[in-house]
Structures are given as structure tokens and as C-alpha cells.
Amino acid sequence: MTGQPRTVPSAAGSPRLDVQWGPDGLAPAIVQDSADGRVLMLGYVDREALTATLETGAVHFHSRSRGRLWRKGETSGNELRLASLALDCDGDALLLEVDPVGPTCHRGTRSCFDTPDGGAKPAEGFAWLETLWATIADRAATRPAGSYTARLLDGGVDATGRKVVEEATELLMAAKDDASAGDAGRVRPGGRAAIRAALAGEAADLLYHTLVLLAERDVSPAEVLTVLRGRHAE
């Protein structure tokens, strides 16, 4: 796209953006779910829409059919709440990471790229693990005082390995508790939910400590995923 870069006023705490607007004063905006990276839609923004998005936190577009500012969800209530915003390398396209409220597409599907029959499988949010890994990698590089992750890493493979074994045992015990609670008549009202929450919590602990162990050994999750992909293809 062509056009002169313009500095867009931003909300407090947000960076100023030099956008290369197209000849029509617009730039494409790819909208992505912040939870798992799923692409939800493509829209177009102008200076007014981008400024409104940054100032309110609710994603606005320029409606080409109506020729005016349009807040996503202004009629349906299915808003897109801005989580982060980035420009591409040329400055002529934007990536909006959002927290969607309801389905994004007017057909009632999560994404405008889903089929109307709901053919797209629901996502589990694994993309957020990139955020967790980035934090662990930062702690490994900077070793800030008072950081639990840094303290584990300072203990080497023995400290991190012991935590993985400990958390694996606790996960097994939580899973057995959940299996024993299968008979709803033996659990107080609300008790099964607490047991399953404990199981999820122990799984989270094991996953986190496994990632810390990988960081201590300088093994990236990408290497692990390569192995999993290879096994899946067999």
C-alpha cells in the first residue's frame, strides 16, 4: 500500500503509531483472538477508527458500505475489546489482538472464516502458553531478585526436576480424587467442582514446572512440539 505515514494519537500508556494509510485513507486490520491466536475477521480502519479504538478499548472500524465510523458490536452487542495492537513491518497493516464478547461474525460463528455449520473446532487457548514461555525465558535471562522461577533455575536440574516429580505426583493424586468422586451422591453440592478445579490447578503446576525444567536445560517448547508433530504423522 502507498501513502504518507501519519502519527496516530494513542491512549495513555500505548505507543504512538506511524501508519502508512492507503490512498483511500484506510488500512486493513486483522483481528485475532488473544486467547489462542484464532483469526476472527478482517476490517478496515482510518485515523478516526484507530483513535477511537485506542481511546475506548473497544475496536472500531471504518464501514466502507456506510461510509462512517463503526464500533464492532454497536448493534449486536458482540464487541471486540482490544488487548494489544501492532503494525506490520511496512506500517500499512495492523494486527489487533482482542478479547471477543460473543461471536464475531454476523452469522453467529466465532470467526468470519468459519463455516455456518460450525465446522471449525473450538480452540483450547494453547497460544497463551507463548506468554508463559516468554516470561520464563525472561526470568532465565535476567534472574530478577525475588522471582520464584529464577530461584528454581538457580537450583539447576536437580531443583527443577524435583518439582516436576512432585507436581506429577500431586496431579496423579488429584486425578484419583476426581475419579473417586464420580459417584455424585458421595460428594457435597459444589464439591465436584472444587475437586475438578484442584485437578486443573495441579495440571497447571506440572505444566509450568515442566517448562521451567526445559528452560533450565535450554530446550525450547518448539523442539518438543516437533517431536509431537512427528509422532502424530506416523
# chains A, B, ... in the order shown; residues from 1 in each chain; ligands from 1
call {"tool": "closest_atom_pairs", "arguments": {"of": "region 76-97 of chain A", "to": "region 46-56 of chain A", "cutoff": "12 Å", "atoms": "only C-alpha atoms", "output": "CSV"}}
result
residue,atom,partner,partner_atom,distance
A:Glu79,CA,A:Thr53,CA,11.5
A:Leu80,CA,A:Thr53,CA,9.8
A:Arg81,CA,A:Thr53,CA,8.8
A:Leu82,CA,A:Thr53,CA,7.5
A:Ala83,CA,A:Leu54,CA,10.2
A:Ser84,CA,A:Leu54,CA,9.6
A:Leu85,CA,A:Leu54,CA,9.0
A:Ala86,CA,A:Leu50,CA,11.8
A:Leu87,CA,A:Leu50,CA,11.9
A:Asp92,CA,A:Asp46,CA,11.3
A:Ala93,CA,A:Asp46,CA,11.2
A:Leu94,CA,A:Leu50,CA,9.9
A:Leu95,CA,A:Leu50,CA,11.7
A:Leu96,CA,A:Thr53,CA,10.1
call {"tool": "closest_residue", "arguments": {"among": "A:Gly230, A:Leu129, A:Asp36, A:Thr149", "to": "Ala204 (chain A)", "atoms": "only C-alpha atoms"}}
result
A:Leu129
call {"tool": "atom_distance", "arguments": {"atom1": "CA of Asp178 (chain A)", "atom2": "CA of Glu130 (chain A)"}}
result
29.1 Å
call {"tool": "residues_around", "arguments": {"residues": "Ala175 (chain A)", "least_positions_apart": "2", "cutoff": "10 Å", "atoms": "only C-alpha atoms", "output": "tab-separated table (two decimals) with C-alpha atoms, in the first residue's frame"}}
result
chain	number	residue	atom	x	y	z
A	169	THR	CA	2.61	-36.98	41.94
A	170	GLU	CA	0.17	-34.32	43.10
A	171	LEU	CA	-1.54	-34.37	39.71
A	172	LEU	CA	-1.98	-38.13	39.96
A	173	MET	CA	-3.50	-37.79	43.43
A	177	ASP	CA	-9.71	-37.88	43.84
A	178	ASP	CA	-11.71	-36.86	40.79
A	179	ALA	CA	-12.19	-40.48	39.74
A	180	SER	CA	-13.41	-41.39	43.24
A	181	ALA	CA	-15.89	-38.53	43.14
A	195	ILE	CA	-12.26	-31.33	43.02
A	196	ARG	CA	-12.05	-30.64	39.29
A	198	ALA	CA	-7.95	-28.79	42.10
A	199	LEU	CA	-7.17	-31.20	39.25
A	200	ALA	CA	-6.82	-28.33	36.79
A	202	GLU	CA	-2.26	-29.43	39.68
A	203	ALA	CA	-2.08	-29.85	35.90
call {"tool": "select_by_dssp", "arguments": {"residues": "region 45-80 of chain A", "states": "alpha helix (DSSP H)", "output": "number ranges by chain"}}
result
A: 47-56
call {"tool": "write_last_selection", "arguments": {"atoms": "N, CA, C and O atoms", "output": "compact mmCIF listing (two decimals), in the first residue's frame"}}
result
# COMPACT_ATOMS: atom_id res chain seq x y z
N ARG A 47 -7.99 6.92 10.38
CA ARG A 47 -7.45 7.60 11.54
C ARG A 47 -8.48 7.72 12.67
O ARG A 47 -8.18 7.50 13.84
N GLU A 48 -9.71 8.04 12.30
CA GLU A 48 -10.76 8.20 13.29
C GLU A 48 -11.04 6.90 14.02
O GLU A 48 -11.18 6.87 15.25
N ALA A 49 -11.13 5.79 13.28
CA ALA A 49 -11.45 4.50 13.89
C ALA A 49 -10.32 4.02 14.80
O ALA A 49 -10.57 3.48 15.88
N LEU A 50 -9.10 4.23 14.36
CA LEU A 50 -7.97 3.80 15.18
C LEU A 50 -7.87 4.61 16.45
O LEU A 50 -7.62 4.07 17.54
N THR A 51 -8.09 5.91 16.34
CA THR A 51 -8.06 6.76 17.53
C THR A 51 -9.16 6.37 18.50
O THR A 51 -8.93 6.27 19.71
N ALA A 52 -10.37 6.10 17.99
CA ALA A 52 -11.48 5.69 18.85
C ALA A 52 -11.18 4.36 19.53
O ALA A 52 -11.51 4.15 20.71
N THR A 53 -10.54 3.44 18.81
CA THR A 53 -10.18 2.14 19.38
C THR A 53 -9.20 2.31 20.52
O THR A 53 -9.36 1.72 21.60
N LEU A 54 -8.18 3.12 20.32
CA LEU A 54 -7.16 3.32 21.35
C LEU A 54 -7.71 4.07 22.56
O LEU A 54 -7.33 3.79 23.70
N GLU A 55 -8.61 4.98 22.32
CA GLU A 55 -9.14 5.79 23.42
C GLU A 55 -10.16 5.05 24.26
O GLU A 55 -10.25 5.26 25.47
N THR A 56 -10.94 4.15 23.63
CA THR A 56 -12.02 3.48 24.36
C THR A 56 -11.71 2.04 24.73
O THR A 56 -12.32 1.49 25.64
call {"tool": "select_by_dssp", "arguments": {"residues": "region 29-230 of chain A", "states": "strand (DSSP E)", "output": "ChimeraX atom specification"}}
result
/A:29-33,39-45,60-63,68-71,80-87,94-100
call {"tool": "atom_distance", "arguments": {"atom1": "CA of Gly156 (chain A)", "atom2": "CA of Thr142 (chain A)"}}
result
15.4 Å
call {"tool": "closest_residue", "arguments": {"among": "A:Ala159, A:Pro23, A:Arg38, A:Ala29", "to": "Ala127 (chain A)", "atoms": "only C-alpha atoms"}}
result
A:Arg38
call {"tool": "closest_residue", "arguments": {"among": "A:Asp88, A:Glu124, A:Glu74, A:Glu216", "to": "Asp18 (chain A)", "atoms": "only C-alpha atoms"}}
result
A:Asp88
call {"tool": "residues_around", "arguments": {"residues": "region 222-229 of chain A", "least_positions_apart": "3", "cutoff": "12 Å", "atoms": "only C-alpha atoms", "output": "number ranges by chain"}}
result
A: 129-130, 133, 210-211, 214-215, 218-219, 232-234
call {"tool": "residues_around", "arguments": {"residues": "Val45 (chain A)", "least_positions_apart": "4", "cutoff": "6 Å", "atoms": "only C-alpha atoms", "output": "JSON, numbers by chain"}}
result
{"A": [26, 27, 49, 61, 62]}
call {"tool": "residues_around", "arguments": {"residues": "Ala35 (chain A)", "least_positions_apart": "2", "cutoff": "9 Å", "atoms": "only C-alpha atoms", "output": "mmCIF file with N, CA and C atoms, in the first residue's frame"}}
result
data_model
loop_
_atom_site.group_PDB
_atom_site.id
_atom_site.type_symbol
_atom_site.label_atom_id
_atom_site.label_comp_id
_atom_site.auth_asym_id
_atom_site.auth_seq_id
_atom_site.Cartn_x
_atom_site.Cartn_y
_atom_site.Cartn_z
ATOM 1 N N GLN A 32 -7.464 -10.836 15.734
ATOM 2 C CA GLN A 32 -7.044 -12.145 16.219
ATOM 3 C C GLN A 32 -7.451 -12.292 17.681
ATOM 4 N N ASP A 33 -7.949 -13.470 18.038
ATOM 5 C CA ASP A 33 -8.323 -13.736 19.429
ATOM 6 C C ASP A 33 -7.060 -13.820 20.275
ATOM 7 N N GLY A 37 -4.989 -17.065 19.324
ATOM 8 C CA GLY A 37 -4.462 -16.673 18.023
ATOM 9 C C GLY A 37 -5.397 -16.889 16.853
ATOM 10 N N ARG A 38 -6.606 -17.341 17.094
ATOM 11 C CA ARG A 38 -7.551 -17.576 16.008
ATOM 12 C C ARG A 38 -7.876 -16.270 15.293
ATOM 13 N N GLU A 97 -5.085 -7.768 18.541
ATOM 14 C CA GLU A 97 -5.398 -8.903 19.401
ATOM 15 C C GLU A 97 -6.514 -8.458 20.332
ATOM 16 N N VAL A 98 -7.564 -9.265 20.402
ATOM 17 C CA VAL A 98 -8.772 -8.828 21.097
ATOM 18 C C VAL A 98 -9.302 -9.908 22.027
ATOM 19 N N ASP A 99 -10.139 -9.473 22.933
ATOM 20 C CA ASP A 99 -10.957 -10.378 23.742
ATOM 21 C C ASP A 99 -12.392 -10.211 23.237
ATOM 22 N N ALA A 123 -11.266 -23.867 19.964
ATOM 23 C CA ALA A 123 -9.857 -23.843 20.350
ATOM 24 C C ALA A 123 -9.740 -23.934 21.866
ATOM 25 N N GLU A 124 -8.595 -24.435 22.309
ATOM 26 C CA GLU A 124 -8.369 -24.631 23.733
ATOM 27 C C GLU A 124 -7.512 -23.532 24.353
ATOM 28 N N GLY A 125 -7.021 -22.602 23.537
ATOM 29 C CA GLY A 125 -6.260 -21.496 24.109
ATOM 30 C C GLY A 125 -4.790 -21.770 24.324
ATOM 31 N N PHE A 126 -4.233 -22.764 23.624
ATOM 32 C CA PHE A 126 -2.826 -23.103 23.818
ATOM 33 C C PHE A 126 -1.886 -21.959 23.449
ATOM 34 N N ALA A 127 -2.342 -21.043 22.593
ATOM 35 C CA ALA A 127 -1.457 -19.950 22.174
ATOM 36 C C ALA A 127 -0.998 -19.111 23.358
ATOM 37 N N TRP A 128 -1.779 -19.099 24.447
ATOM 38 C CA TRP A 128 -1.377 -18.302 25.608
ATOM 39 C C TRP A 128 -0.097 -18.832 26.238
#
call {"tool": "atom_distance", "arguments": {"atom1": "CA of Val31 (chain A)", "atom2": "CA of Cys112 (chain A)"}}
result
10.2 Å
call {"tool": "residues_around", "arguments": {"residues": "Ala140 (chain A)", "least_positions_apart": "3", "cutoff": "10 Å", "atoms": "only C-alpha atoms", "output": "PDB file with all heavy atoms, in the first residue's frame"}}
result
ATOM      1  N   ALA A 134       7.473 -16.965  27.347  1.00  0.00           N
ATOM      2  CA  ALA A 134       8.230 -15.717  27.236  1.00  0.00           C
ATOM      3  C   ALA A 134       8.619 -15.194  28.617  1.00  0.00           C
ATOM      4  O   ALA A 134       9.733 -14.687  28.822  1.00  0.00           O
ATOM      5  CB  ALA A 134       7.421 -14.667  26.484  1.00  0.00           C
ATOM      6  N   THR A 135       7.722 -15.334  29.592  1.00  0.00           N
ATOM      7  CA  THR A 135       8.024 -14.900  30.952  1.00  0.00           C
ATOM      8  C   THR A 135       9.117 -15.768  31.566  1.00  0.00           C
ATOM      9  O   THR A 135      10.057 -15.260  32.193  1.00  0.00           O
ATOM     10  CB  THR A 135       6.760 -14.966  31.823  1.00  0.00           C
ATOM     11  OG1 THR A 135       5.752 -14.114  31.271  1.00  0.00           O
ATOM     12  CG2 THR A 135       7.050 -14.521  33.251  1.00  0.00           C
ATOM     13  N   ILE A 136       9.006 -17.083  31.377  1.00  0.00           N
ATOM     14  CA  ILE A 136      10.020 -17.991  31.918  1.00  0.00           C
ATOM     15  C   ILE A 136      11.383 -17.724  31.271  1.00  0.00           C
ATOM     16  O   ILE A 136      12.421 -17.683  31.953  1.00  0.00           O
ATOM     17  CB  ILE A 136       9.594 -19.457  31.706  1.00  0.00           C
ATOM     18  CG1 ILE A 136       8.357 -19.776  32.555  1.00  0.00           C
ATOM     19  CG2 ILE A 136      10.727 -20.420  32.038  1.00  0.00           C
ATOM     20  CD1 ILE A 136       7.725 -21.119  32.263  1.00  0.00           C
ATOM     21  N   ALA A 137      11.392 -17.514  29.957  1.00  0.00           N
ATOM     22  CA  ALA A 137      12.642 -17.243  29.254  1.00  0.00           C
ATOM     23  C   ALA A 137      13.270 -15.941  29.747  1.00  0.00           C
ATOM     24  O   ALA A 137      14.497 -15.830  29.875  1.00  0.00           O
ATOM     25  CB  ALA A 137      12.400 -17.183  27.750  1.00  0.00           C
ATOM     26  N   ARG A 143      17.231 -13.302  35.727  1.00  0.00           N
ATOM     27  CA  ARG A 143      17.308 -13.785  37.108  1.00  0.00           C
ATOM     28  C   ARG A 143      17.002 -12.681  38.135  1.00  0.00           C
ATOM     29  O   ARG A 143      17.817 -12.365  39.006  1.00  0.00           O
ATOM     30  CB  ARG A 143      18.699 -14.369  37.400  1.00  0.00           C
ATOM     31  CG  ARG A 143      19.158 -15.456  36.446  1.00  0.00           C
ATOM     32  CD  ARG A 143      18.287 -16.683  36.548  1.00  0.00           C
ATOM     33  NE  ARG A 143      18.588 -17.652  35.520  1.00  0.00           N
ATOM     34  CZ  ARG A 143      19.290 -18.785  35.719  1.00  0.00           C
ATOM     35  NH1 ARG A 143      19.747 -19.073  36.931  1.00  0.00           N
ATOM     36  NH2 ARG A 143      19.502 -19.611  34.725  1.00  0.00           N
ATOM     37  N   PRO A 144      15.807 -12.071  38.055  1.00  0.00           N
ATOM     38  CA  PRO A 144      15.487 -10.979  38.981  1.00  0.00           C
ATOM     39  C   PRO A 144      15.357 -11.474  40.421  1.00  0.00           C
ATOM     40  O   PRO A 144      14.908 -12.593  40.678  1.00  0.00           O
ATOM     41  CB  PRO A 144      14.153 -10.456  38.458  1.00  0.00           C
ATOM     42  CG  PRO A 144      13.546 -11.625  37.738  1.00  0.00           C
ATOM     43  CD  PRO A 144      14.696 -12.365  37.137  1.00  0.00           C
ATOM     44  N   THR A 149      10.614 -18.313  39.798  1.00  0.00           N
ATOM     45  CA  THR A 149      11.150 -19.005  38.633  1.00  0.00           C
ATOM     46  C   THR A 149      12.675 -18.917  38.610  1.00  0.00           C
ATOM     47  O   THR A 149      13.370 -19.917  38.370  1.00  0.00           O
ATOM     48  CB  THR A 149      10.575 -18.400  37.334  1.00  0.00           C
ATOM     49  OG1 THR A 149       9.148 -18.511  37.357  1.00  0.00           O
ATOM     50  CG2 THR A 149      11.118 -19.113  36.108  1.00  0.00           C
ATOM     51  N   ALA A 150      13.208 -17.710  38.882  1.00  0.00           N
ATOM     52  CA  ALA A 150      14.665 -17.546  38.893  1.00  0.00           C
ATOM     53  C   ALA A 150      15.301 -18.398  39.985  1.00  0.00           C
ATOM     54  O   ALA A 150      16.376 -18.979  39.781  1.00  0.00           O
ATOM     55  CB  ALA A 150      15.010 -16.073  39.094  1.00  0.00           C
ATOM     56  N   ARG A 151      14.643 -18.487  41.138  1.00  0.00           N
ATOM     57  CA  ARG A 151      15.192 -19.299  42.234  1.00  0.00           C
ATOM     58  C   ARG A 151      15.237 -20.781  41.850  1.00  0.00           C
ATOM     59  O   ARG A 151      16.216 -21.475  42.146  1.00  0.00           O
ATOM     60  CB  ARG A 151      14.353 -19.090  43.491  1.00  0.00           C
ATOM     61  CG  ARG A 151      14.955 -19.751  44.730  1.00  0.00           C
ATOM     62  CD  ARG A 151      14.310 -19.247  46.009  1.00  0.00           C
ATOM     63  NE  ARG A 151      12.935 -19.708  46.158  1.00  0.00           N
ATOM     64  CZ  ARG A 151      11.877 -18.929  46.059  1.00  0.00           C
ATOM     65  NH1 ARG A 151      12.010 -17.636  45.777  1.00  0.00           N
ATOM     66  NH2 ARG A 151      10.659 -19.417  46.231  1.00  0.00           N
ATOM     67  N   LEU A 152      14.185 -21.238  41.173  1.00  0.00           N
ATOM     68  CA  LEU A 152      14.195 -22.622  40.696  1.00  0.00           C
ATOM     69  C   LEU A 152      15.337 -22.852  39.712  1.00  0.00           C
ATOM     70  O   LEU A 152      16.064 -23.851  39.809  1.00  0.00           O
ATOM     71  CB  LEU A 152      12.870 -22.951  40.012  1.00  0.00           C
ATOM     72  CG  LEU A 152      11.698 -23.449  40.852  1.00  0.00           C
ATOM     73  CD1 LEU A 152      10.496 -23.677  39.956  1.00  0.00           C
ATOM     74  CD2 LEU A 152      12.055 -24.719  41.599  1.00  0.00           C
ATOM     75  N   LEU A 153      15.496 -21.936  38.784  1.00  0.00           N
ATOM     76  CA  LEU A 153      16.544 -22.080  37.772  1.00  0.00           C
ATOM     77  C   LEU A 153      17.930 -22.051  38.399  1.00  0.00           C
ATOM     78  O   LEU A 153      18.840 -22.774  37.962  1.00  0.00           O
ATOM     79  CB  LEU A 153      16.411 -20.971  36.730  1.00  0.00           C
ATOM     80  CG  LEU A 153      15.168 -21.060  35.829  1.00  0.00           C
ATOM     81  CD1 LEU A 153      14.944 -19.748  35.085  1.00  0.00           C
ATOM     82  CD2 LEU A 153      15.298 -22.223  34.847  1.00  0.00           C
ATOM     83  N   ASP A 154      18.101 -21.241  39.441  1.00  0.00           N
ATOM     84  CA  ASP A 154      19.391 -21.190  40.134  1.00  0.00           C
ATOM     85  C   ASP A 154      19.731 -22.523  40.780  1.00  0.00           C
ATOM     86  O   ASP A 154      20.909 -22.837  40.988  1.00  0.00           O
ATOM     87  CB  ASP A 154      19.378 -20.089  41.194  1.00  0.00           C
ATOM     88  CG  ASP A 154      19.419 -18.688  40.592  1.00  0.00           C
ATOM     89  OD1 ASP A 154      19.809 -18.571  39.412  1.00  0.00           O
ATOM     90  OD2 ASP A 154      19.049 -17.725  41.297  1.00  0.00           O
ATOM     91  N   VAL A 212       9.737 -24.780  33.048  1.00  0.00           N
ATOM     92  CA  VAL A 212      10.922 -24.258  33.739  1.00  0.00           C
ATOM     93  C   VAL A 212      12.091 -25.236  33.596  1.00  0.00           C
ATOM     94  O   VAL A 212      13.237 -24.825  33.372  1.00  0.00           O
ATOM     95  CB  VAL A 212      10.609 -23.989  35.226  1.00  0.00           C
ATOM     96  CG1 VAL A 212      11.880 -23.587  35.986  1.00  0.00           C
ATOM     97  CG2 VAL A 212       9.561 -22.891  35.365  1.00  0.00           C
ATOM     98  N   ALA A 215      13.531 -24.802  30.237  1.00  0.00           N
ATOM     99  CA  ALA A 215      14.347 -23.587  30.179  1.00  0.00           C
ATOM    100  C   ALA A 215      15.697 -23.808  30.839  1.00  0.00           C
ATOM    101  O   ALA A 215      16.730 -23.334  30.345  1.00  0.00           O
ATOM    102  CB  ALA A 215      13.604 -22.428  30.849  1.00  0.00           C
ATOM    103  N   GLU A 216      15.710 -24.527  31.947  1.00  0.00           N
ATOM    104  CA  GLU A 216      16.970 -24.788  32.646  1.00  0.00           C
ATOM    105  C   GLU A 216      17.921 -25.595  31.773  1.00  0.00           C
ATOM    106  O   GLU A 216      19.136 -25.404  31.800  1.00  0.00           O
ATOM    107  CB  GLU A 216      16.685 -25.527  33.959  1.00  0.00           C
ATOM    108  CG  GLU A 216      17.837 -25.543  34.951  1.00  0.00           C
ATOM    109  CD  GLU A 216      18.917 -26.564  34.603  1.00  0.00           C
ATOM    110  OE1 GLU A 216      18.547 -27.613  34.016  1.00  0.00           O
ATOM    111  OE2 GLU A 216      20.100 -26.326  34.924  1.00  0.00           O
ATOM    112  N   ASP A 218      17.811 -25.476  28.501  1.00  0.00           N
ATOM    113  CA  ASP A 218      17.916 -24.761  27.230  1.00  0.00           C
ATOM    114  C   ASP A 218      17.301 -25.560  26.078  1.00  0.00           C
ATOM    115  O   ASP A 218      17.847 -25.639  24.983  1.00  0.00           O
ATOM    116  CB  ASP A 218      19.378 -24.417  26.913  1.00  0.00           C
ATOM    117  CG  ASP A 218      19.504 -23.352  25.826  1.00  0.00           C
ATOM    118  OD1 ASP A 218      18.545 -22.584  25.652  1.00  0.00           O
ATOM    119  OD2 ASP A 218      20.541 -23.317  25.141  1.00  0.00           O
TER     120      ASP A 218
END
call {"tool": "decode", "arguments": {"residues": "region 16-74 of chain A", "atoms": "C-alpha atoms", "output": "PDB file, in the first residue's frame"}}
result
ATOM      1  CA  ARG A  16       2.226   6.197  19.115  1.00  0.00           C
ATOM      2  CA  LEU A  17       1.733   4.593  15.740  1.00  0.00           C
ATOM      3  CA  ASP A  18       3.019   5.775  12.376  1.00  0.00           C
ATOM      4  CA  VAL A  19       0.555   4.260   9.945  1.00  0.00           C
ATOM      5  CA  GLN A  20       1.012   4.212   6.180  1.00  0.00           C
ATOM      6  CA  TRP A  21      -2.564   4.933   5.138  1.00  0.00           C
ATOM      7  CA  GLY A  22      -3.715   3.844   1.695  1.00  0.00           C
ATOM      8  CA  PRO A  23      -4.875   6.291  -0.995  1.00  0.00           C
ATOM      9  CA  ASP A  24      -8.392   5.993   0.424  1.00  0.00           C
ATOM     10  CA  GLY A  25      -7.185   6.819   3.921  1.00  0.00           C
ATOM     11  CA  LEU A  26      -7.695   3.232   5.127  1.00  0.00           C
ATOM     12  CA  ALA A  27      -5.501   0.419   6.401  1.00  0.00           C
ATOM     13  CA  PRO A  28      -6.506  -3.255   6.789  1.00  0.00           C
ATOM     14  CA  ALA A  29      -6.796  -4.586  10.318  1.00  0.00           C
ATOM     15  CA  ILE A  30      -6.518  -8.303  11.003  1.00  0.00           C
ATOM     16  CA  VAL A  31      -8.388  -9.247  14.171  1.00  0.00           C
ATOM     17  CA  GLN A  32      -7.044 -12.145  16.219  1.00  0.00           C
ATOM     18  CA  ASP A  33      -8.323 -13.736  19.429  1.00  0.00           C
ATOM     19  CA  SER A  34      -5.795 -13.019  22.169  1.00  0.00           C
ATOM     20  CA  ALA A  35      -6.583 -16.329  23.865  1.00  0.00           C
ATOM     21  CA  ASP A  36      -5.446 -18.661  21.102  1.00  0.00           C
ATOM     22  CA  GLY A  37      -4.462 -16.673  18.023  1.00  0.00           C
ATOM     23  CA  ARG A  38      -7.551 -17.576  16.008  1.00  0.00           C
ATOM     24  CA  VAL A  39      -8.135 -15.077  13.187  1.00  0.00           C
ATOM     25  CA  LEU A  40     -11.623 -13.664  13.690  1.00  0.00           C
ATOM     26  CA  MET A  41     -12.118 -11.142  10.902  1.00  0.00           C
ATOM     27  CA  LEU A  42     -10.585  -8.566   8.597  1.00  0.00           C
ATOM     28  CA  GLY A  43     -11.735  -4.963   8.778  1.00  0.00           C
ATOM     29  CA  TYR A  44     -10.531  -1.539   7.711  1.00  0.00           C
ATOM     30  CA  VAL A  45      -9.617   1.390   9.909  1.00  0.00           C
ATOM     31  CA  ASP A  46      -8.973   5.029   9.234  1.00  0.00           C
ATOM     32  CA  ARG A  47      -7.445   7.605  11.540  1.00  0.00           C
ATOM     33  CA  GLU A  48     -10.760   8.204  13.294  1.00  0.00           C
ATOM     34  CA  ALA A  49     -11.447   4.497  13.885  1.00  0.00           C
ATOM     35  CA  LEU A  50      -7.971   3.799  15.178  1.00  0.00           C
ATOM     36  CA  THR A  51      -8.059   6.761  17.525  1.00  0.00           C
ATOM     37  CA  ALA A  52     -11.482   5.689  18.852  1.00  0.00           C
ATOM     38  CA  THR A  53     -10.176   2.140  19.377  1.00  0.00           C
ATOM     39  CA  LEU A  54      -7.164   3.315  21.348  1.00  0.00           C
ATOM     40  CA  GLU A  55      -9.141   5.794  23.420  1.00  0.00           C
ATOM     41  CA  THR A  56     -12.024   3.482  24.355  1.00  0.00           C
ATOM     42  CA  GLY A  57     -10.521  -0.002  24.230  1.00  0.00           C
ATOM     43  CA  ALA A  58     -13.452  -1.117  22.059  1.00  0.00           C
ATOM     44  CA  VAL A  59     -12.485  -1.932  18.477  1.00  0.00           C
ATOM     45  CA  HIS A  60     -13.839   0.489  15.879  1.00  0.00           C
ATOM     46  CA  PHE A  61     -13.669   0.241  12.099  1.00  0.00           C
ATOM     47  CA  HIS A  62     -14.474   2.443   9.159  1.00  0.00           C
ATOM     48  CA  SER A  63     -17.554   0.975   7.481  1.00  0.00           C
ATOM     49  CA  ARG A  64     -16.937   1.176   3.752  1.00  0.00           C
ATOM     50  CA  SER A  65     -20.573   0.359   2.957  1.00  0.00           C
ATOM     51  CA  ARG A  66     -21.953   3.023   5.309  1.00  0.00           C
ATOM     52  CA  GLY A  67     -19.105   5.479   4.932  1.00  0.00           C
ATOM     53  CA  ARG A  68     -18.822   6.160   8.652  1.00  0.00           C
ATOM     54  CA  LEU A  69     -17.228   5.161  11.938  1.00  0.00           C
ATOM     55  CA  TRP A  70     -18.482   1.790  13.184  1.00  0.00           C
ATOM     56  CA  ARG A  71     -17.966   0.273  16.612  1.00  0.00           C
ATOM     57  CA  LYS A  72     -17.975  -3.504  16.324  1.00  0.00           C
ATOM     58  CA  GLY A  73     -20.963  -4.795  18.256  1.00  0.00           C
ATOM     59  CA  GLU A  74     -22.809  -1.479  18.411  1.00  0.00           C
TER      60      GLU A  74
END
